[in-house]
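Participant: To start, I am sharing the structure in question, which I have written as structure tokens.
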Amino acid sequence: MKLIGRRSIASVLRWVLGFMNVFVTLCAVAAGLLFVAALVAPDFAAGLIDGLSDTNANPSRDLLLSERVTYAAAFVATASTWWILNHLRRIFLAVNQGDAFEPANVGRLRGVGLGLIGVQVSSAILTFSAPLAEGVGGRDYDADLGAWLGILIVFMLAEVFRQGAAMRDDQQMTV
């Protein structure tokens, strides 16, 4: 199987990312609606958390700050994942067309890095807020060094792509 072009690995990966994007989009919309519900109808959001944690629903219970933070962090995590998938799909499209070092891929790689930061930050927030929202004691956050190094590598790759795009433009200008 070839790496680029029709029926290549890049086109298969782009198709798989598109398939995953459908489900992540649905999850992001659901998380966004739950976050809005936590702001607009706190009784509904409190009842949902009570139902998920198998506790008796108290209709007069106020929504705790940790529960609102949990809904917000869940929305940020799913929206960041959606952002990453869309940027990766566009990068694979450019690679599939044989133009990996186009200047737009620099911004796309930086966007992937920012999305990965959003996922890691929301993961840290969820580590503390979700157990508190369920009424369980807090958990210790274990920083995933591999994920943070991966983010650094993505930003370094963006600079490599920037230099590659500049070299490609210089080569095209040479007669």
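Residues are named by chain letter and number: chains run A, B, ... in the order of the structure tokens, numbers start at 1 in each chain, and ligands are numbered from 1 in the order shown.
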Running DSSP on the backbone, which parts of stretch 35-171 of chain A land in alpha helix (DSSP H), as a ChimeraX atom specification?
Facilitator: /A:35-40,42-52,65-96,103-133,145-171
Participant: Quick one: everything within 12 Å of A:Thr81, counting only C-alpha atoms, minus sequence neighbours fewer than 2 positions away in the same chain. Send it as a PyMOL selection string.
Facilitator: chain A and resi 17+20-28+74-79+83-88+111-120+122-123
Participant: So how far away is atom CA of A:Leu157 from atom CA of A:Leu13, in Å?
Facilitator: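 Distance between the two atoms: 19.1 Å.
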Participant: Under the rule that only C-alpha atoms are counted, which of A:Leu65, A:Val154, A:Val36, A:Thr70 is the nearest residue to A:Thr127?
Facilitator: A:Thr70
